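Asks: Here you go, this is start.cif (mmCIF, C-alpha atoms).
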data_upload
#
loop_
_atom_site.label_atom_id
_atom_site.label_comp_id
_atom_site.auth_asym_id
_atom_site.auth_seq_id
_atom_site.Cartn_x
_atom_site.Cartn_y
_atom_site.Cartn_z
CA MET N 1044 14.41 77.62 127.60
CA THR N 1045 17.88 76.19 127.00
CA THR N 1046 17.70 72.45 126.48
CA VAL N 1047 19.98 69.48 127.01
CA PHE N 1048 19.07 66.47 124.89
CA VAL N 1049 20.36 63.12 126.13
CA THR N 1050 20.28 60.06 123.86
CA VAL N 1051 21.27 56.44 124.40
CA GLY N 1052 20.21 55.37 120.89
CA THR N 1053 18.66 51.93 120.72
CA THR N 1054 20.78 50.61 123.57
CA ARG N 1055 20.27 50.26 127.29
CA PHE N 1056 22.46 52.69 129.20
CA ASP N 1057 20.68 53.26 132.52
CA GLU N 1058 23.92 54.43 134.13
CA LEU N 1059 23.96 57.47 131.84
CA ILE N 1060 20.29 58.31 132.53
CA GLU N 1061 20.90 57.86 136.27
CA SER N 1062 24.01 60.06 136.17
CA VAL N 1063 22.49 62.88 134.14
CA THR N 1064 19.40 63.06 136.37
CA SER N 1065 21.37 63.02 139.63
CA SER N 1066 20.94 66.12 141.77
CA GLU N 1067 24.63 66.98 141.43
CA VAL N 1068 24.50 66.96 137.61
CA THR N 1069 21.16 68.78 137.35
CA GLN N 1070 22.47 71.50 139.69
CA ILE N 1071 25.51 71.95 137.44
CA LEU N 1072 23.31 72.09 134.33
CA LYS N 1073 21.06 74.68 135.98
CA ALA N 1074 24.09 76.75 137.05
CA ARG N 1075 25.27 76.67 133.41
CA GLY N 1076 21.92 78.10 132.31
CA TYR N 1077 20.09 74.99 131.14
CA GLY N 1078 16.44 74.68 132.14
CA ARG N 1079 15.13 71.65 130.28
CA LEU N 1080 16.31 68.04 130.05
CA VAL N 1081 14.96 65.80 127.27
CA LEU N 1082 15.90 62.14 127.69
CA GLN N 1083 15.74 59.41 125.05
CA VAL N 1084 16.16 56.32 127.25
CA GLY N 1085 16.06 53.53 124.65
CA ARG N 1086 15.72 50.02 126.07
CA GLY N 1087 16.63 51.06 129.60
CA THR N 1088 14.62 50.31 132.70
CA LEU N 1089 14.88 53.86 134.03
CA VAL N 1090 12.31 56.32 132.62
CA PRO N 1091 12.35 59.46 134.78
CA ASP N 1092 9.04 61.28 135.15
CA ALA N 1093 8.45 64.99 134.63
CA ASP N 1094 9.01 65.94 138.29
CA SER N 1095 12.03 63.71 138.92
CA CYS N 1096 14.52 66.60 138.89
CA ALA N 1097 13.96 69.59 141.15
CA ASP N 1098 16.33 71.82 139.16
CA LEU N 1099 15.14 71.19 135.57
CA SER N 1100 11.99 70.38 133.64
CA VAL N 1101 12.23 66.79 132.38
CA GLU N 1102 10.73 64.98 129.42
CA ALA N 1103 11.58 61.31 128.79
CA PHE N 1104 10.71 58.85 126.03
CA ARG N 1105 12.00 55.52 124.78
CA PHE N 1106 11.94 55.87 120.99
CA LYS N 1107 10.61 58.11 118.23
CA ASP N 1108 10.63 57.67 114.47
CA SER N 1109 13.19 60.48 114.40
CA ILE N 1110 15.08 62.43 117.04
CA ALA N 1111 16.17 65.07 114.51
CA GLU N 1112 13.79 67.66 115.94
CA ASP N 1113 15.02 66.99 119.49
CA MET N 1114 18.60 67.45 118.27
CA ARG N 1115 17.65 70.64 116.40
CA ARG N 1116 16.04 72.15 119.51
CA ALA N 1117 18.90 71.20 121.82
CA ASP N 1118 21.55 73.64 123.01
CA LEU N 1119 23.73 70.73 124.18
CA VAL N 1120 23.60 67.05 123.24
CA ILE N 1121 24.82 64.41 125.66
CA SER N 1122 25.03 61.08 123.89
CA HIS N 1123 26.24 57.54 124.23
CA ALA N 1124 29.19 56.88 121.93
CA GLY N 1125 27.31 55.09 119.16
CA ALA N 1126 28.48 56.17 115.71
CA GLY N 1127 24.96 56.93 114.46
CA SER N 1128 24.06 59.15 117.41
CA CYS N 1129 27.39 60.97 117.25
CA LEU N 1130 27.11 61.58 113.51
CA GLU N 1131 23.53 62.85 113.87
CA ALA N 1132 24.51 65.34 116.59
CA LEU N 1133 27.64 66.48 114.76
CA SER N 1134 25.70 66.87 111.50
CA ALA N 1135 23.14 69.00 113.34
CA GLY N 1136 25.98 71.30 114.41
CA LYS N 1137 25.26 70.88 118.11
CA PRO N 1138 27.81 70.94 120.93
CA LEU N 1139 28.30 67.28 121.80
CA LEU N 1140 29.40 65.61 125.00
CA VAL N 1141 29.83 61.87 124.46
CA VAL N 1142 29.59 59.56 127.46
CA VAL N 1143 31.46 56.33 126.78
CA ASN N 1144 30.04 53.19 128.35
CA ASP N 1145 33.21 51.83 129.94
CA LYS N 1146 31.39 48.64 130.95
CA LEU N 1147 31.38 47.39 127.35
CA MET N 1148 33.88 44.79 126.22
CA ASP N 1149 35.88 45.61 123.04
CA ASN N 1150 35.19 49.31 123.48
CA HIS N 1151 35.55 50.72 119.95
CA GLN N 1152 33.37 53.63 121.11
CA LEU N 1153 36.25 54.97 123.19
CA GLU N 1154 38.57 55.08 120.18
CA MET N 1155 35.98 56.94 118.11
CA ALA N 1156 35.23 59.45 120.89
CA ARG N 1157 38.93 59.99 121.55
CA GLN N 1158 39.67 60.68 117.86
CA LEU N 1159 36.71 63.06 117.45
CA HIS N 1160 37.85 64.83 120.63
CA MET N 1161 41.42 65.14 119.34
CA ASP N 1162 39.93 66.69 116.17
CA HIS N 1163 38.03 69.18 118.42
CA HIS N 1164 34.55 68.03 117.34
CA LEU N 1165 33.30 66.85 120.75
CA LEU N 1166 34.04 66.41 124.43
CA TYR N 1167 33.92 62.97 126.02
CA CYS N 1168 33.87 61.32 129.41
CA THR N 1169 32.49 58.31 131.25
CA CYS N 1170 29.61 58.27 133.73
CA SER N 1171 32.11 58.45 136.58
CA THR N 1172 33.66 61.65 135.18
CA LEU N 1173 30.45 63.28 133.87
CA THR N 1174 30.02 65.64 136.81
CA GLU N 1175 33.59 66.95 136.61
CA THR N 1176 33.41 67.22 132.80
CA LEU N 1177 30.21 69.28 132.95
CA LYS N 1178 31.71 71.55 135.62
CA ASN N 1179 34.80 72.27 133.53
CA MET N 1180 33.57 71.98 129.93
CA ASP N 1181 34.43 74.74 127.49
CA LEU N 1182 32.19 74.39 124.44
CA SER N 1183 33.99 77.25 122.67
CA VAL N 1184 36.88 74.91 121.78
CA LEU N 1185 34.64 72.72 119.63
CA GLN N 1186 34.89 72.96 115.85
CA PRO N 1187 32.12 72.06 113.40
CA PHE N 1188 32.23 68.64 111.81
CA PRO N 1189 32.49 68.94 107.99
CA PRO N 1190 28.94 68.47 106.63
CA GLY N 1191 27.72 66.03 104.03
CA GLN N 1192 30.77 63.88 103.63
CA PRO N 1193 29.73 60.31 104.51
CA LYS N 1194 32.80 58.86 102.74
CA ASN N 1195 35.05 61.00 104.95
CA PHE N 1196 33.17 59.83 108.04
CA ALA N 1197 33.52 56.20 106.94
CA ASN N 1198 37.26 56.75 106.41
CA PHE N 1199 37.48 58.47 109.79
CA LEU N 1200 35.75 55.50 111.49
CA ASP N 1201 38.12 53.08 109.76
CA LYS N 1202 41.08 55.12 111.03
CA ALA N 1203 39.69 55.47 114.57
CA LEU N 1204 38.93 51.76 114.79
CA GLY N 1205 42.25 50.69 113.29
CA VAL N 1206 40.70 49.08 110.21
CA LYS N 1207 42.94 50.92 107.74
#
What would you get if you wrote out this structure as structure tokens?
Replies:
Amino acid sequence: MTTVFVTVGTTRFDELIESVTSSEVTQILKARGYGRLVLQVGRGTLVPDADSCADLSVEAFRFKDSIAEDMRRADLVISHAGAGSCLEALSAGKPLLVVVNDKLMDNHQLEMARQLHMDHHLLYCTCSTLTETLKNMDLSVLQPFPPGQPKNFANFLDKALGVK
């Protein structure tokens, strides 16, 4: 069964969990051929149960020692814009849709997502544009992120965040 893995990392991002489990979004995911939704909800207050979405099977958890296996099994990763989560998904070679939390102050996540999008490594949106992004997304435009080059990623982050 094709799987969408959603991660919020160690943060609280209930708006993303709420958006991705909405009937409108789950209908779009089902229409695109996805049948399973695995949610890593972090510190959030919303933990959907297995029968919370009529269109997809749902599994939700707060934390695990490692989400590498969830990433490996996923056909699509939807993630918050944390650098660690993005790097893990990109390193796993998975199509990545980053949802930027536009409620954050000093939103360096937007700059990182924008740069990785311009380099064709991921798609990005906000919760308010998630539905439209999923309807129109073309994963074939994505290019693999160069593996095993942490120095390059550090340099990329510096560039994206305006440090260098």
Asks: Using only C-alpha atoms, which of N:Asp1181, N:Asp1162, N:Glu1102, N:Asp1108 sits nearest Pro1138 of chain N?
Replies: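 Smallest separation from Pro1138 of chain N among the options: N:Asp1181.
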Asks: Which value, in Å to one decimal, gives the distance between atom CA of Val1120 of chain N and atom CA of Asn1198 of chain N?
Replies: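 According to the coordinates, atom CA of Val1120 of chain N and atom CA of Asn1198 of chain N are separated by 24.0 Å.
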Asks: One decimal, in Å: what's the spacing between atom CA of Ser1134 of chain N and atom CA of Leu1059 of chain N?
Replies: 22.5 Å
Asks: For the point (17.2, 52.0, 118.8) in the file's frame, write as a list of chain:residue names all residues with an atom no more than 7 Å away, counting all atoms listed in the file.
Replies: N:Gly1052, N:Thr1053, N:Thr1054, N:Gly1085, N:Phe1106
Asks: Tell me which of N:Arg1115, N:Leu1130, N:Gln1186, N:Val1051 sits closest to Val1063 of chain N, counting all atoms listed in the file.
Replies: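 Among the listed residues, N:Val1051 lies closest to Val1063 of chain N.
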Asks: Write out as a ChimeraX atom specification each polymer residue whose atoms come within 10 Å of Val1068 of chain N, counting all atoms listed in the file; drop sequence neighbours fewer than 3 positions from it.
Replies: /N:1061-1065,1071-1074,1098,1173-1175,1177-1178
Asks: How would the residues just chosen look if you wrote them out with C-alpha atoms as a PDB file, in the frame of the given file?
Replies:
ATOM      1  CA  GLU N1061      20.900  57.860 136.270  1.00  0.00           C
ATOM      2  CA  SER N1062      24.010  60.060 136.170  1.00  0.00           C
ATOM      3  CA  VAL N1063      22.490  62.880 134.140  1.00  0.00           C
ATOM      4  CA  THR N1064      19.400  63.060 136.370  1.00  0.00           C
ATOM      5  CA  SER N1065      21.370  63.020 139.630  1.00  0.00           C
ATOM      6  CA  ILE N1071      25.510  71.950 137.440  1.00  0.00           C
ATOM      7  CA  LEU N1072      23.310  72.090 134.330  1.00  0.00           C
ATOM      8  CA  LYS N1073      21.060  74.680 135.980  1.00  0.00           C
ATOM      9  CA  ALA N1074      24.090  76.750 137.050  1.00  0.00           C
ATOM     10  CA  ASP N1098      16.330  71.820 139.160  1.00  0.00           C
ATOM     11  CA  LEU N1173      30.450  63.280 133.870  1.00  0.00           C
ATOM     12  CA  THR N1174      30.020  65.640 136.810  1.00  0.00           C
ATOM     13  CA  GLU N1175      33.590  66.950 136.610  1.00  0.00           C
ATOM     14  CA  LEU N1177      30.210  69.280 132.950  1.00  0.00           C
ATOM     15  CA  LYS N1178      31.710  71.550 135.620  1.00  0.00           C
TER      16      LYS N1178
END
Asks: What's the separation between atom CA of Asp1092 of chain N and atom CA of Leu1139 of chain N, in Å to one decimal place?
Replies: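 We find that atom CA of Asp1092 of chain N and atom CA of Leu1139 of chain N lie 24.2 Å from each other.
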Asks: If we draw a sphere of 8 Å around (15.5, 69.4, 135.7), which residues have at least one atom in it when counting only C-alpha atoms? Please report them as a list of chain:residue names.
Replies: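 Nearby residues: N:Thr1064, N:Thr1069, N:Lys1073, N:Gly1078, N:Arg1079, N:Leu1080, N:Asp1094, N:Ser1095, N:Cys1096, N:Ala1097, N:Asp1098, N:Leu1099, N:Ser1100, N:Val1101.
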Asks: Taking the file as shown, find all residues satisfying the PyMOL selection byres ((chain N and resi 1110) around 12) and write them as a ChimeraX atom specification.
Replies: /N:1048-1053,1081-1085,1104-1109,1111-1117,1120,1127-1128,1131-1132,1135
Asks: Run the PyMOL selection byres ((chain N and resi 1144) around 9) mentally over the shown coordinates, then write out the matched residues as a list in words, using the chain letters and numbers from the document.
Replies: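 Against this file, the PyMOL selection byres ((chain N and resi 1144) around 9) returns the residues Phe1056, Glu1058, Leu1059, His1123, Ala1124, Val1142, Val1143, Asp1145, Lys1146, Leu1147, Asn1150, Gln1152, Leu1153, Thr1169 and Cys1170 of chain N.
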Asks: Taking all atoms listed in the file into account, which of N:Asp1057, N:Asp1201, N:Glu1067, N:Met1180 comes nearest Glu1154 of chain N?
Replies: N:Asp1201
Asks: Running the PyMOL selection byres ((chain N and resi 1088) around 8) on this model by hand, what would come out? Give it as JSON, numbers by chain.
Replies: {"N": [1055, 1057, 1086, 1087, 1089, 1090]}
Asks: Would you pull segment 1050-1061 of chain N out of the block just shown and save all heavy atoms as a PDB file, in the first residue's frame?
Replies:
ATOM      1  N   THR N1050       5.875  14.068   9.206  1.00  0.00           N
ATOM      2  CA  THR N1050       6.662  14.274  10.420  1.00  0.00           C
ATOM      3  C   THR N1050       6.699  15.747  10.812  1.00  0.00           C
ATOM      4  O   THR N1050       6.825  16.621   9.963  1.00  0.00           O
ATOM      5  CB  THR N1050       8.099  13.728  10.274  1.00  0.00           C
ATOM      6  OG1 THR N1050       8.826  13.979  11.491  1.00  0.00           O
ATOM      7  CG2 THR N1050       8.847  14.350   9.110  1.00  0.00           C
ATOM      8  N   VAL N1051       6.576  15.984  12.111  1.00  0.00           N
ATOM      9  CA  VAL N1051       6.722  17.337  12.652  1.00  0.00           C
ATOM     10  C   VAL N1051       7.994  17.443  13.508  1.00  0.00           C
ATOM     11  O   VAL N1051       8.209  18.431  14.181  1.00  0.00           O
ATOM     12  CB  VAL N1051       5.481  17.776  13.477  1.00  0.00           C
ATOM     13  CG1 VAL N1051       4.226  17.731  12.633  1.00  0.00           C
ATOM     14  CG2 VAL N1051       5.330  16.943  14.728  1.00  0.00           C
ATOM     15  N   GLY N1052       8.818  16.379  13.485  1.00  0.00           N
ATOM     16  CA  GLY N1052      10.040  16.387  14.286  1.00  0.00           C
ATOM     17  C   GLY N1052       9.711  16.420  15.767  1.00  0.00           C
ATOM     18  O   GLY N1052       8.751  15.793  16.219  1.00  0.00           O
ATOM     19  N   THR N1053      10.487  17.165  16.517  1.00  0.00           N
ATOM     20  CA  THR N1053      10.266  17.246  17.964  1.00  0.00           C
ATOM     21  C   THR N1053       9.366  18.415  18.344  1.00  0.00           C
ATOM     22  O   THR N1053       9.159  18.690  19.514  1.00  0.00           O
ATOM     23  CB  THR N1053      11.610  17.399  18.709  1.00  0.00           C
ATOM     24  OG1 THR N1053      12.262  18.590  18.241  1.00  0.00           O
ATOM     25  CG2 THR N1053      12.508  16.194  18.471  1.00  0.00           C
ATOM     26  N   THR N1054       8.834  19.090  17.343  1.00  0.00           N
ATOM     27  CA  THR N1054       8.046  20.299  17.587  1.00  0.00           C
ATOM     28  C   THR N1054       6.572  19.982  17.830  1.00  0.00           C
ATOM     29  O   THR N1054       6.155  18.828  17.835  1.00  0.00           O
ATOM     30  CB  THR N1054       8.122  21.247  16.374  1.00  0.00           C
ATOM     31  OG1 THR N1054       7.479  20.623  15.268  1.00  0.00           O
ATOM     32  CG2 THR N1054       9.550  21.585  16.033  1.00  0.00           C
ATOM     33  N   ARG N1055       5.812  21.016  17.986  1.00  0.00           N
ATOM     34  CA  ARG N1055       4.355  20.947  18.035  1.00  0.00           C
ATOM     35  C   ARG N1055       3.854  21.694  16.806  1.00  0.00           C
ATOM     36  O   ARG N1055       4.094  22.893  16.662  1.00  0.00           O
ATOM     37  CB  ARG N1055       3.850  21.609  19.312  1.00  0.00           C
ATOM     38  CG  ARG N1055       2.350  21.616  19.402  1.00  0.00           C
ATOM     39  CD  ARG N1055       1.889  22.277  20.686  1.00  0.00           C
ATOM     40  NE  ARG N1055       0.443  22.369  20.658  1.00  0.00           N
ATOM     41  CZ  ARG N1055      -0.282  22.804  21.648  1.00  0.00           C
ATOM     42  NH1 ARG N1055       0.302  23.194  22.768  1.00  0.00           N
ATOM     43  NH2 ARG N1055      -1.584  22.859  21.548  1.00  0.00           N
ATOM     44  N   PHE N1056       3.176  20.975  15.933  1.00  0.00           N
ATOM     45  CA  PHE N1056       2.677  21.583  14.696  1.00  0.00           C
ATOM     46  C   PHE N1056       1.317  20.953  14.402  1.00  0.00           C
ATOM     47  O   PHE N1056       1.113  20.283  13.399  1.00  0.00           O
ATOM     48  CB  PHE N1056       3.681  21.356  13.561  1.00  0.00           C
ATOM     49  CG  PHE N1056       3.490  22.207  12.324  1.00  0.00           C
ATOM     50  CD1 PHE N1056       2.487  23.176  12.223  1.00  0.00           C
ATOM     51  CD2 PHE N1056       4.332  22.039  11.242  1.00  0.00           C
ATOM     52  CE1 PHE N1056       2.323  23.940  11.078  1.00  0.00           C
ATOM     53  CE2 PHE N1056       4.188  22.797  10.079  1.00  0.00           C
ATOM     54  CZ  PHE N1056       3.185  23.749   9.995  1.00  0.00           C
ATOM     55  N   ASP N1057       0.368  21.178  15.329  1.00  0.00           N
ATOM     56  CA  ASP N1057      -0.975  20.614  15.205  1.00  0.00           C
ATOM     57  C   ASP N1057      -1.665  21.043  13.922  1.00  0.00           C
ATOM     58  O   ASP N1057      -2.456  20.289  13.355  1.00  0.00           O
ATOM     59  CB  ASP N1057      -1.843  21.017  16.405  1.00  0.00           C
ATOM     60  CG  ASP N1057      -1.504  20.255  17.669  1.00  0.00           C
ATOM     61  OD1 ASP N1057      -0.874  19.180  17.575  1.00  0.00           O
ATOM     62  OD2 ASP N1057      -1.880  20.719  18.759  1.00  0.00           O
ATOM     63  N   GLU N1058      -1.369  22.252  13.458  1.00  0.00           N
ATOM     64  CA  GLU N1058      -2.018  22.740  12.238  1.00  0.00           C
ATOM     65  C   GLU N1058      -1.696  21.835  11.049  1.00  0.00           C
ATOM     66  O   GLU N1058      -2.561  21.562  10.208  1.00  0.00           O
ATOM     67  CB  GLU N1058      -1.597  24.186  11.954  1.00  0.00           C
ATOM     68  CG  GLU N1058      -2.353  24.793  10.791  1.00  0.00           C
ATOM     69  CD  GLU N1058      -1.921  26.223  10.466  1.00  0.00           C
ATOM     70  OE1 GLU N1058      -0.941  26.730  11.041  1.00  0.00           O
ATOM     71  OE2 GLU N1058      -2.585  26.828   9.606  1.00  0.00           O
ATOM     72  N   LEU N1059      -0.467  21.326  10.982  1.00  0.00           N
ATOM     73  CA  LEU N1059      -0.101  20.419   9.897  1.00  0.00           C
ATOM     74  C   LEU N1059      -0.854  19.092  10.033  1.00  0.00           C
ATOM     75  O   LEU N1059      -1.412  18.591   9.054  1.00  0.00           O
ATOM     76  CB  LEU N1059       1.412  20.166   9.876  1.00  0.00           C
ATOM     77  CG  LEU N1059       1.893  19.102   8.885  1.00  0.00           C
ATOM     78  CD1 LEU N1059       1.427  19.394   7.466  1.00  0.00           C
ATOM     79  CD2 LEU N1059       3.407  18.971   8.944  1.00  0.00           C
ATOM     80  N   ILE N1060      -0.902  18.538  11.235  1.00  0.00           N
ATOM     81  CA  ILE N1060      -1.598  17.264  11.450  1.00  0.00           C
ATOM     82  C   ILE N1060      -3.084  17.425  11.138  1.00  0.00           C
ATOM     83  O   ILE N1060      -3.690  16.580  10.479  1.00  0.00           O
ATOM     84  CB  ILE N1060      -1.382  16.752  12.893  1.00  0.00           C
ATOM     85  CG1 ILE N1060       0.122  16.549  13.176  1.00  0.00           C
ATOM     86  CG2 ILE N1060      -2.165  15.472  13.139  1.00  0.00           C
ATOM     87  CD1 ILE N1060       0.832  15.597  12.236  1.00  0.00           C
ATOM     88  N   GLU N1061      -3.657  18.544  11.572  1.00  0.00           N
ATOM     89  CA  GLU N1061      -5.070  18.830  11.289  1.00  0.00           C
ATOM     90  C   GLU N1061      -5.309  18.949   9.780  1.00  0.00           C
ATOM     91  O   GLU N1061      -6.272  18.400   9.249  1.00  0.00           O
ATOM     92  CB  GLU N1061      -5.450  20.139  11.990  1.00  0.00           C
ATOM     93  CG  GLU N1061      -6.896  20.263  12.349  1.00  0.00           C
ATOM     94  CD  GLU N1061      -7.110  21.490  13.230  1.00  0.00           C
ATOM     95  OE1 GLU N1061      -6.586  21.526  14.360  1.00  0.00           O
ATOM     96  OE2 GLU N1061      -7.796  22.417  12.751  1.00  0.00           O
TER      97      GLU N1061
END
